[in-house]
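Q: Below is data-v8.cif; it holds mmCIF, C-alpha atoms.
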```
data_final
#
loop_
_atom_site.label_atom_id
_atom_site.label_comp_id
_atom_site.auth_asym_id
_atom_site.auth_seq_id
_atom_site.Cartn_x
_atom_site.Cartn_y
_atom_site.Cartn_z
CA MET A 1 8.37 20.90 -19.62
CA THR A 2 8.98 18.88 -16.48
CA THR A 3 9.69 20.34 -13.10
CA ALA A 4 12.39 19.25 -10.68
CA PRO A 5 11.30 16.84 -7.96
CA PRO A 6 9.95 18.63 -4.88
CA GLU A 7 12.02 16.57 -2.45
CA PRO A 8 15.08 18.86 -2.18
CA ALA A 9 12.98 21.87 -1.16
CA LEU A 10 11.35 19.79 1.55
CA LEU A 11 14.52 18.16 2.77
CA ASP A 12 16.65 21.31 2.88
CA ALA A 13 14.45 22.88 5.57
CA PRO A 14 15.69 22.72 9.18
CA ALA A 15 14.46 19.59 10.98
CA ALA A 16 12.49 21.57 13.56
CA ALA A 17 10.69 23.67 10.93
CA PRO A 18 7.42 22.42 9.42
CA PRO A 19 7.62 21.46 5.73
CA ASP A 20 6.98 24.16 3.14
CA PRO A 21 3.29 23.77 2.15
CA ALA A 22 3.93 24.47 -1.55
CA ALA A 23 6.76 21.94 -1.72
CA PHE A 24 4.68 19.42 0.20
CA GLU A 25 1.79 19.91 -2.22
CA ALA A 26 4.14 19.13 -5.10
CA LEU A 27 5.34 16.02 -3.24
CA TYR A 28 1.71 15.00 -2.69
CA ARG A 29 0.87 15.42 -6.37
CA THR A 30 3.96 13.43 -7.37
CA HIS A 31 3.31 10.47 -5.07
CA TYR A 32 -0.49 10.42 -4.67
CA ARG A 33 -1.24 7.87 -7.41
CA HIS A 34 1.35 5.41 -6.17
CA VAL A 35 0.21 5.64 -2.55
CA TYR A 36 -3.42 5.29 -3.61
CA ALA A 37 -2.56 2.23 -5.73
CA VAL A 38 -0.78 0.58 -2.78
CA THR A 39 -3.66 1.21 -0.38
CA LEU A 40 -6.26 0.15 -2.96
CA ARG A 41 -4.50 -3.11 -3.70
CA MET A 42 -4.18 -3.94 -0.05
CA THR A 43 -7.73 -3.01 0.99
CA CYS A 44 -9.76 -3.62 -2.20
CA ASP A 45 -11.95 -0.71 -1.14
CA ALA A 46 -11.74 2.59 -3.03
CA SER A 47 -13.24 4.69 -0.25
CA ARG A 48 -10.98 3.20 2.38
CA ALA A 49 -7.98 3.56 0.05
CA GLU A 50 -8.74 7.28 -0.34
CA ASP A 51 -8.97 7.71 3.43
CA LEU A 52 -5.75 5.78 3.98
CA THR A 53 -3.98 7.78 1.29
CA GLN A 54 -4.87 10.97 3.12
CA GLU A 55 -3.72 9.43 6.41
CA VAL A 56 -0.43 8.41 4.80
CA PHE A 57 0.27 11.98 3.70
CA VAL A 58 -0.67 13.34 7.12
CA ARG A 59 1.90 10.98 8.61
CA VAL A 60 4.46 11.94 5.98
CA TRP A 61 3.87 15.61 6.86
CA GLN A 62 4.26 14.88 10.59
CA LYS A 63 7.29 12.59 10.24
CA LEU A 64 9.18 14.23 7.38
CA SER A 65 11.79 15.55 9.82
CA THR A 66 12.59 11.94 10.79
CA PHE A 67 13.47 10.97 7.21
CA ARG A 68 17.18 10.15 7.32
CA GLY A 69 17.85 9.94 3.58
CA GLU A 70 19.14 6.36 3.74
CA SER A 71 16.76 5.53 0.89
CA ALA A 72 14.87 7.47 -1.74
CA LEU A 73 12.05 9.60 -0.38
CA SER A 74 9.63 7.67 -2.61
CA THR A 75 10.75 4.43 -0.94
CA TRP A 76 10.19 5.93 2.50
CA ILE A 77 6.71 7.16 1.49
CA HIS A 78 5.92 3.69 0.11
CA THR A 79 6.94 2.15 3.45
CA VAL A 80 4.76 4.64 5.34
CA ALA A 81 1.86 3.69 3.05
CA VAL A 82 2.31 -0.05 3.60
CA ARG A 83 2.69 0.28 7.37
CA THR A 84 -0.24 2.69 7.69
CA THR A 85 -2.46 0.35 5.67
CA LEU A 86 -1.41 -2.72 7.67
CA GLU A 87 -1.96 -0.86 10.93
CA SER A 88 -5.43 0.18 9.80
CA MET A 89 -6.28 -3.34 8.69
CA ARG A 90 -5.12 -4.80 12.03
CA SER A 91 -7.17 -2.22 13.88
CA GLU A 92 -10.21 -2.98 11.73
CA SER A 93 -9.84 -6.72 12.22
CA ARG A 94 -9.77 -6.20 15.97
CA ARG A 95 -13.03 -4.29 15.72
CA GLN A 96 -14.63 -6.95 13.59
CA ALA A 97 -14.40 -10.62 14.45
CA ARG A 98 -15.10 -11.72 10.89
CA VAL A 99 -13.09 -11.97 7.69
CA ILE A 100 -13.87 -9.36 5.06
CA THR A 101 -13.71 -10.60 1.49
CA THR A 102 -14.19 -8.76 -1.74
CA ASP A 103 -17.80 -9.29 -2.75
CA GLU A 104 -17.56 -7.34 -5.98
CA PRO A 105 -14.22 -7.95 -7.73
CA GLY A 106 -15.62 -6.25 -10.84
CA ARG A 107 -16.11 -3.00 -8.95
CA TYR A 108 -12.57 -3.26 -7.58
CA ALA A 109 -11.22 -3.94 -11.07
CA ALA A 110 -12.92 -0.77 -12.36
CA GLU A 111 -11.30 1.25 -9.57
CA ALA A 112 -7.93 -0.37 -10.29
CA ARG A 113 -8.28 0.48 -13.98
CA ARG A 114 -8.87 4.15 -13.11
CA ALA A 115 -5.96 4.29 -10.65
CA MET A 116 -3.55 2.16 -12.67
CA PRO A 117 -4.66 2.00 -16.31
CA GLU A 118 -1.54 0.15 -17.40
CA THR A 119 -2.21 -2.89 -15.16
CA ALA A 120 -3.85 -6.05 -16.35
CA VAL A 121 -7.40 -6.17 -15.00
CA ASP A 122 -7.45 -9.99 -14.79
CA LEU A 123 -4.48 -9.90 -12.48
CA GLU A 124 -6.06 -7.20 -10.32
CA ARG A 125 -9.32 -9.17 -10.18
CA ALA A 126 -7.43 -12.31 -9.14
CA ILE A 127 -5.57 -10.40 -6.43
CA ALA A 128 -8.84 -8.89 -5.18
CA GLY A 129 -10.35 -12.38 -4.89
CA LEU A 130 -7.64 -13.63 -2.54
CA PRO A 131 -8.31 -13.93 1.19
CA PRO A 132 -6.92 -10.82 2.96
CA GLY A 133 -3.97 -12.55 4.65
CA ALA A 134 -2.82 -14.27 1.48
CA ARG A 135 -3.38 -11.10 -0.56
CA ASN A 136 -1.27 -8.98 1.77
CA VAL A 137 1.60 -11.47 1.86
CA LEU A 138 1.54 -11.79 -1.95
CA LEU A 139 1.54 -8.01 -2.43
CA LEU A 140 4.26 -7.41 0.13
CA HIS A 141 6.54 -10.16 -1.20
CA ASP A 142 5.94 -10.46 -4.94
CA VAL A 143 4.87 -6.90 -5.75
CA ASN A 144 6.71 -4.77 -3.19
CA GLY A 145 9.76 -7.00 -2.72
CA TYR A 146 9.79 -7.37 1.06
CA ARG A 147 11.62 -10.41 2.47
CA TYR A 148 9.88 -13.16 4.42
CA HIS A 149 11.19 -12.02 7.80
CA GLU A 150 10.21 -8.38 7.11
CA ILE A 151 6.68 -9.45 6.23
CA ALA A 152 6.43 -11.65 9.33
CA GLU A 153 7.52 -8.71 11.47
CA MET A 154 5.12 -6.25 9.79
CA LEU A 155 2.14 -8.60 10.04
CA GLY A 156 3.02 -9.97 13.47
CA VAL A 157 2.95 -13.61 12.30
CA SER A 158 5.47 -16.43 12.13
CA LEU A 159 7.83 -16.97 9.23
CA GLY A 160 6.08 -20.27 8.46
CA THR A 161 2.73 -18.49 8.24
CA VAL A 162 4.15 -16.01 5.73
CA LYS A 163 5.55 -18.81 3.57
CA SER A 164 2.35 -20.86 3.66
CA GLN A 165 0.16 -17.83 2.90
CA LEU A 166 2.41 -16.89 -0.01
CA ASN A 167 2.24 -20.44 -1.36
CA ARG A 168 -1.55 -20.44 -0.97
CA ALA A 169 -1.85 -17.02 -2.62
CA ARG A 170 0.22 -18.10 -5.61
CA ARG A 171 -1.80 -21.30 -6.01
CA LEU A 172 -5.10 -19.39 -5.82
CA MET A 173 -3.78 -16.80 -8.28
CA MET A 174 -2.88 -19.54 -10.80
CA GLU A 175 -6.33 -21.09 -10.44
CA ALA A 176 -8.06 -17.72 -10.86
CA LEU A 177 -6.00 -16.77 -13.90
CA GLU A 178 -6.59 -20.14 -15.59
CA ARG A 179 -10.37 -19.59 -15.52
#
```
When written as structure tokens, how does the structure in this file appear?
A:
Amino acid sequence: MTTAPPEPALLDAPAAAPPDPAAFEALYRTHYRHVYAVTLRMTCDASRAEDLTQEVFVRVWQKLSTFRGESALSTWIHTVAVRTTLESMRSESRRQARVITTDEPGRYAAEARRAMPETAVDLERAIAGLPPGARNVLLLHDVNGYRYHEIAEMLGVSLGTVKSQLNRARRLMMEALER
């Protein structure tokens, strides 16, 4: 027996009132895996993805009254996840003056298999091996469907940079998958 989506109970509450904890828990359970998968793909770090997933749901809790209903709630939560992850990655890169790469793609692939068992591990391993900039552009464009100008705005880079990073990511993906 399936239950009705928790969204209506959350969205029917007055805007000034905090969300109903039971309804929010149901929303969390419904969307947790997807949010975790998004953050894991973007960070290639299971621990960081867990932390970011929690941060995403804290923000969803705080900002639920600002949801206007112009899209599905799941789409809005996905956007919060992407923006929270990008914000965290920008903040982290400011703290560190070096590029972080995935040293252990096999470990990432194992985490991806647990979070998303239906995904092809070779593809996840190839994505994990991409440089962070190229990986994020590829995920945002080819996986999440954002347009070039939206990605440029989110990442704070030029349109040309987005296009060249996407081209580079696709080329590197082809090379990795041919091995």
Q: Calculate how many Å separate CA of Ala23 in chain A from CA of Thr79 in chain A, rounding to one decimal.
A: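 Taking CA of Ala23 in chain A and CA of Thr79 in chain A, their separation equals 20.5 Å.
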Q: Using only C-alpha atoms, which of A:Phe57, A:Glu153, A:Thr85, A:Pro132 sits nearest Ala26 in chain A?
A: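 Between A:Phe57, A:Glu153, A:Thr85, A:Pro132, the residue approaching Ala26 in chain A most closely is A:Phe57.
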Q: Given the choices A:Asp51, A:Glu124, A:Glu70, A:Glu150, which gets closest to Ser88 in chain A if the distance is worked out from all atoms listed in the file?
A: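 Selected residue with least distance to Ser88 in chain A: A:Asp51.
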Q: To one decimal place in Å, what is the distance between CA of Val35 in chain A and CA of Ser164 in chain A?
A: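 Straight-line distance from CA of Val35 in chain A to CA of Ser164 in chain A works out to 27.3 Å.
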Q: Report as a PyMOL selection string the full result of the PyMOL selection byres ((chain A and resi 131) around 12) when it is applied to this structure.
A: chain A and resi 42-44+99-103+126-130+132-138+165-166+168-170+172-173
Q: How far is it from CA of Leu27 in chain A to CA of Leu52 in chain A, in Å with one decimal?
A: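 It comes out at 16.7 Å.
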